[in-house]
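Below: the structure, in C-alpha cells.
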Amino acid sequence: MPKVSKIECKQEDLKACINQSLDGIGGISNYIKPGETVMLKPNFNTADPYPASTDLDFLKAMVSLCYEAGAKMVMVVDSSTMSLNTKKVMEKKGVYDLEKGQKPARVYNLDEREWVKKKIPNGKALKSVSIPKLLDRPDKLILLPCLKTHFQAKYTGALKLSVAFMKPLQRVGLHLARLQEQVAELNTLIHPDLIIMDARKCFVSGGPSHGELREPNMILSSTGRVAIDIEGIKIIQSFPKNSLADIKPEELMQIKRAIELGID
C-alpha cells in the first residue's frame, strides 16, 4: 500500500505545510513536471465553511505550488451536490477569484462540460457511469479532499471526492442503494496522481455539510486513495465520541470494495 505522509500543521504558512507533507513522499517535483497541465479537484459540494468544503486559502496555496513546480496551466474543477447550483457555490466561496491572479488558475464548472459514458468492467453495484470528458485533458490529476464523517456514507475522503466526476442526475441512484460500493466502483475510472488531504479541521460525527468539529491540525499526502482514507479514519477515531469508533477502517464498505478492485 502506498506511503502516507502525515505532518502537523499549526502555522499559518500553508504552502510550507503542504511542501513538508509532500517531502515525506518525495517532494512535489516527483509529481509535477515543467510544462504539464495539472487538474485540481477540491470539495465544493456545498459552500458551507471548511471542513464542509475546501478552504480557499488551501486551494490558493496548491495553485501556487503547482506553478512553482513548473505547471503550464492549473485547472480547478468541481460539480456541487445536485440540489445546488455549482456556479453559485463557487461564486460564494470566491473560487473564480483564482482566475484573477498573476498566475491564474482556470476554473471549470463540470455541470457545463461534456460527459462521456463509460462501462465499469468489474462493476456490481455500478455497471456504467458518465464522467467528464475534461478528465482526458490534464497531464496530472490531484485530489484535495477534506476530512469528515458522512451521515449516509459514514466517511468521506479521497474515494468519496470522486462522486463529483459522476453526471449529476446519475447521483440520484448512487444515494438510493449500495452507496459505498458504487463510490468504490466509480473510482476504477478515476486515476489521480496525488492526493493531499487538508485535515487541519475535521468532522468526527455528522457531515458532510455540518458536524461535530475537531482540529487534528494535520496535512496528509499520498499517491493512494485507500491508503490516505484509512489514515483519515484513524485520525477521526482518535477523538472521543466519534461516529466511526466501532469500524475497522479496512472493513468500511467503500474501502473494502476498493481494495477488492485493486485500488490503492
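Every chain in the C-alpha cells takes a letter, A first, then B, and so on in the order presented; its residues are numbered from 1, and the ligands are numbered from 1 following the presented order.
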Just the residues within 7 Å of Pro42 of chain A, please, counting only C-alpha atoms, with nothing from its chain fewer than 2 positions along; format it as a ChimeraX atom specification.
/A:40,44,54,78,143-145
Could you pull out the strand (DSSP E) residues of segment 47-193 of chain A from DSSP and send them as a ChimeraX atom specification?
/A:73-78,106-109,115-119,128-132,140-143,146-150,154-156
Under the rule of at most 9 Å, produce a per-residue listing of segment 15-46 of chain A near segment 147-164 of chain A: chain, number, name, the closest pair of atoms, and the distance in Å, as CSV, using only C-alpha atoms.
residue,atom,partner,partner_atom,distance
A:Lys41,CA,A:Leu161,CA,8.1
A:Pro42,CA,A:Leu161,CA,8.0
A:Asn43,CA,A:Leu161,CA,6.9
A:Asn45,CA,A:Ala164,CA,7.8
Considering only C-alpha atoms, tabulate each residue of segment 35-111 of chain A that lies at most 12 Å from segment 193-202 of chain A along with its nearest interatomic pair and the corresponding distance in Å to one decimal; arrange the rows by chain and ascending residue number and present them as a tab-separated table.
residue	atom	partner	partner_atom	distance
A:Val38	CA	A:Asp193	CA	9.9
A:Met39	CA	A:Asp193	CA	10.1
A:Leu40	CA	A:Ile195	CA	9.7
A:Lys41	CA	A:Ile195	CA	9.5
A:Pro42	CA	A:Met197	CA	9.7
A:Asn43	CA	A:Asp198	CA	10.6
A:Pro49	CA	A:Lys201	CA	10.8
A:Tyr50	CA	A:Lys201	CA	7.7
A:Pro51	CA	A:Cys202	CA	5.8
A:Ala52	CA	A:Cys202	CA	8.3
A:Ser53	CA	A:Asp198	CA	10.4
A:Thr54	CA	A:Asp198	CA	8.1
A:Asp55	CA	A:Asp198	CA	8.5
A:Leu56	CA	A:Asp198	CA	11.3
A:Asp57	CA	A:Asp198	CA	11.0
A:Phe58	CA	A:Asp198	CA	7.8
A:Leu59	CA	A:Asp198	CA	9.8
A:Ala61	CA	A:Asp198	CA	11.7
A:Met62	CA	A:Ile196	CA	9.4
Proximity to Leu98 of chain A - best of A:His210, A:Lys140, A:His191, A:Lys60, only C-alpha atoms
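Going through A:His210, A:Lys140, A:His191, A:Lys60 one by one, the smallest distance to Leu98 of chain A is for A:Lys60.
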Would you please work out which residue, of A:Glu181, A:Asp136, A:Asp229, A:Glu68, is nearest to Gly123 of chain A when using only C-alpha atoms?
A:Glu181
I need the helix (DSSP H, G or I) residues of segment 10-192 of chain A per DSSP on the backbone, written as number ranges by chain.
A: 14-23, 28-30, 56-68, 86-93, 95-100, 110-112, 133-136, 158-165, 168-174, 179-189
Which neighbours of Pro138 of chain A fall inside 12 Å, counting only C-alpha atoms, when residues of the same chain fewer than 4 positions from it are skipped, and could you give them as a PyMOL selection string?
chain A and resi 32+35-41+71-77+133-134+142+191-193
